[in-house]
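Colleague: Would you mind keeping the following structure in view while I ask a few things?
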Amino acid sequence: MQTDAKAVIAAYYAAFNAGNAEGMLALLDDSVEHHVNEGGVRKGKGLFTEFCGHMGVSYRETLTDIQIFSNAEGTRAAAEFIVNGEYLKTDPGLPEARGQKYILPAGTFFALTDGKITRVTTYYNLSDWVRQVSEAA
């Protein structure tokens with residue numbers, strides 16, 4: 001059965017923008033691989049759930065200008081978007097959080113199997129983010 005990858009990814013980002021981590025998690029395969037920007041790979045829905053919890057405490061983000069692309073088979077998809085965020089709680093190894101706002105272009109690549117997301121790989125310019133939160137008053 002062919003998956004409407006664009007619809008799955010649109011639902012994923014609608015849940016993200018609504019702050020609905022459970023909605024995002026429902027779209028993931030149990031063995032999802034989360035490839036972290038400039039980091040390692042988190043394997044499994046449990047680690048992705050922990051990541052969502054951490055992000056919800058440290059950052060408030062809304063994505064805009066979302067453009068979604070997919071292959072004809074519905075097994076691969078990509079999205080580019082703008083992250084409109086606020087840095088709420090200091091992440092270890094990063095600048096101190098003081099409620100700084102940031103705007104950052106980003107993109108994500110997805111793999112899908114049987115309508116579930118099996119891989120999430122997000123890229124953004126960490127140096128640009130660090131510059132923005134460091135310069136913010």
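FYI, nothing fancy with the structure tokens labels: chains A, B, ... in order, residues from 1 per chain, ligands from 1 as they appear.
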List every residue of stretch 43-120 of chain A that DSSP, applied to the backbone, labels as strand (DSSP E), and write the result as a ChimeraX atom specification.

Modeller: /A:43,59-70,76-87,101-113,116-120

Colleague: Generate the output file for the selected residues, N, CA and C atoms, as a compact mmCIF listing (two decimals), in the first residue's frame.

Modeller:
```
# COMPACT_ATOMS: atom_id res chain seq x y z
N LYS A 43 17.68 5.90 18.94
CA LYS A 43 16.92 4.81 18.35
C LYS A 43 15.75 4.44 19.25
N TYR A 59 12.68 24.96 25.04
CA TYR A 59 12.41 25.80 23.87
C TYR A 59 10.90 25.90 23.64
N ARG A 60 10.48 27.03 23.09
CA ARG A 60 9.13 27.18 22.58
C ARG A 60 9.29 27.53 21.11
N GLU A 61 8.82 26.64 20.24
CA GLU A 61 9.05 26.84 18.80
C GLU A 61 7.76 26.64 18.00
N THR A 62 7.65 27.45 16.98
CA THR A 62 6.60 27.32 15.99
C THR A 62 7.27 27.33 14.63
N LEU A 63 6.82 26.44 13.76
CA LEU A 63 7.38 26.36 12.41
C LEU A 63 6.46 27.05 11.43
N THR A 64 7.05 27.85 10.55
CA THR A 64 6.28 28.55 9.52
C THR A 64 6.91 28.28 8.16
N ASP A 65 6.21 28.68 7.12
CA ASP A 65 6.69 28.54 5.74
C ASP A 65 7.10 27.09 5.45
N ILE A 66 6.31 26.14 5.93
CA ILE A 66 6.63 24.72 5.76
C ILE A 66 6.32 24.30 4.32
N GLN A 67 7.33 23.73 3.68
CA GLN A 67 7.18 23.15 2.35
C GLN A 67 7.55 21.68 2.45
N ILE A 68 6.66 20.80 1.99
CA ILE A 68 6.86 19.36 2.11
C ILE A 68 7.00 18.75 0.72
N PHE A 69 7.96 17.85 0.59
CA PHE A 69 8.25 17.15 -0.66
C PHE A 69 8.25 15.65 -0.38
N SER A 70 7.88 14.83 -1.37
CA SER A 70 7.97 13.38 -1.16
C SER A 70 8.20 12.68 -2.49
N ARG A 76 9.90 8.27 1.21
CA ARG A 76 10.84 9.34 1.57
C ARG A 76 10.11 10.67 1.48
N ALA A 77 10.48 11.56 2.38
CA ALA A 77 9.91 12.90 2.36
C ALA A 77 10.94 13.87 2.92
N ALA A 78 10.73 15.13 2.63
CA ALA A 78 11.59 16.19 3.16
C ALA A 78 10.72 17.42 3.39
N ALA A 79 11.16 18.25 4.30
CA ALA A 79 10.45 19.50 4.57
C ALA A 79 11.47 20.58 4.86
N GLU A 80 11.19 21.77 4.38
CA GLU A 80 11.99 22.92 4.80
C GLU A 80 11.03 23.91 5.42
N PHE A 81 11.56 24.68 6.37
CA PHE A 81 10.70 25.55 7.16
C PHE A 81 11.54 26.58 7.90
N ILE A 82 10.86 27.50 8.55
CA ILE A 82 11.50 28.50 9.40
C ILE A 82 11.09 28.19 10.84
N VAL A 83 12.09 28.10 11.71
CA VAL A 83 11.85 27.89 13.14
C VAL A 83 11.79 29.27 13.79
N ASN A 84 10.68 29.55 14.43
CA ASN A 84 10.49 30.79 15.19
C ASN A 84 10.47 30.37 16.65
N GLY A 85 11.55 30.67 17.37
CA GLY A 85 11.66 30.10 18.69
C GLY A 85 12.01 31.06 19.79
N GLU A 86 11.90 30.52 21.00
CA GLU A 86 12.30 31.22 22.21
C GLU A 86 13.06 30.22 23.08
N TYR A 87 14.23 30.63 23.54
CA TYR A 87 15.12 29.78 24.34
C TYR A 87 14.77 29.97 25.81
N LYS A 101 14.81 35.20 21.65
CA LYS A 101 14.07 34.76 20.48
C LYS A 101 15.04 34.52 19.33
N TYR A 102 14.67 33.60 18.44
CA TYR A 102 15.51 33.30 17.28
C TYR A 102 14.63 32.89 16.10
N ILE A 103 15.16 33.11 14.92
CA ILE A 103 14.52 32.71 13.67
C ILE A 103 15.57 31.97 12.87
N LEU A 104 15.27 30.74 12.50
CA LEU A 104 16.29 29.88 11.94
C LEU A 104 15.72 29.01 10.82
N PRO A 105 16.29 29.08 9.61
CA PRO A 105 15.86 28.15 8.57
C PRO A 105 16.34 26.74 8.93
N ALA A 106 15.53 25.74 8.60
CA ALA A 106 15.89 24.35 8.91
C ALA A 106 15.23 23.43 7.89
N GLY A 107 15.65 22.19 7.93
CA GLY A 107 15.07 21.18 7.05
C GLY A 107 15.15 19.82 7.71
N THR A 108 14.23 18.95 7.32
CA THR A 108 14.19 17.60 7.86
C THR A 108 13.97 16.61 6.73
N PHE A 109 14.67 15.49 6.82
CA PHE A 109 14.48 14.37 5.91
C PHE A 109 13.82 13.23 6.68
N PHE A 110 12.89 12.55 6.02
CA PHE A 110 12.13 11.47 6.65
C PHE A 110 12.21 10.21 5.80
N ALA A 111 12.16 9.06 6.47
CA ALA A 111 11.89 7.78 5.82
C ALA A 111 10.58 7.27 6.41
N LEU A 112 9.78 6.61 5.59
CA LEU A 112 8.49 6.08 6.03
C LEU A 112 8.34 4.64 5.57
N THR A 113 7.71 3.83 6.41
CA THR A 113 7.36 2.45 6.08
C THR A 113 5.94 2.20 6.55
N LYS A 116 4.21 4.91 8.60
CA LYS A 116 4.82 5.38 9.84
C LYS A 116 6.20 5.95 9.55
N ILE A 117 6.58 6.97 10.28
CA ILE A 117 7.90 7.59 10.12
C ILE A 117 8.93 6.70 10.81
N THR A 118 9.96 6.30 10.05
CA THR A 118 11.00 5.42 10.59
C THR A 118 12.33 6.15 10.78
N ARG A 119 12.46 7.33 10.18
CA ARG A 119 13.69 8.12 10.36
C ARG A 119 13.35 9.59 10.29
N VAL A 120 13.94 10.36 11.22
CA VAL A 120 13.81 11.82 11.25
C VAL A 120 15.23 12.38 11.34
```

Colleague: If you count only C-alpha atoms, which residues fall within 10 Å of A:Glu96, apart from same-chain ones fewer than 5 positions away, as a list in words?

Modeller: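 Within the cut-off, the hits are Tyr87, Leu88, Lys89, Thr90, Asp91, Val133 and Ser134 of chain A.
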
Colleague: One decimal, in Å: what's the spacing between atom CA of A:Ser127 and atom CA of A:Gly56?

Modeller: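 Going from atom CA of A:Ser127 over to atom CA of A:Gly56, I get 21.5 Å.
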
Colleague: Choose the residue, out of A:Gly23, A:Asn17, A:Asn37, A:Ala97, that has the smallest atom-to-atom separation from A:Tyr124; count only C-alpha atoms.

Modeller: A:Asn37

Colleague: Just to confirm, what's the straight-line distance from atom CA of A:Thr75 to atom CA of A:Val8 in Å (one decimal)?

Modeller: 10.9 Å
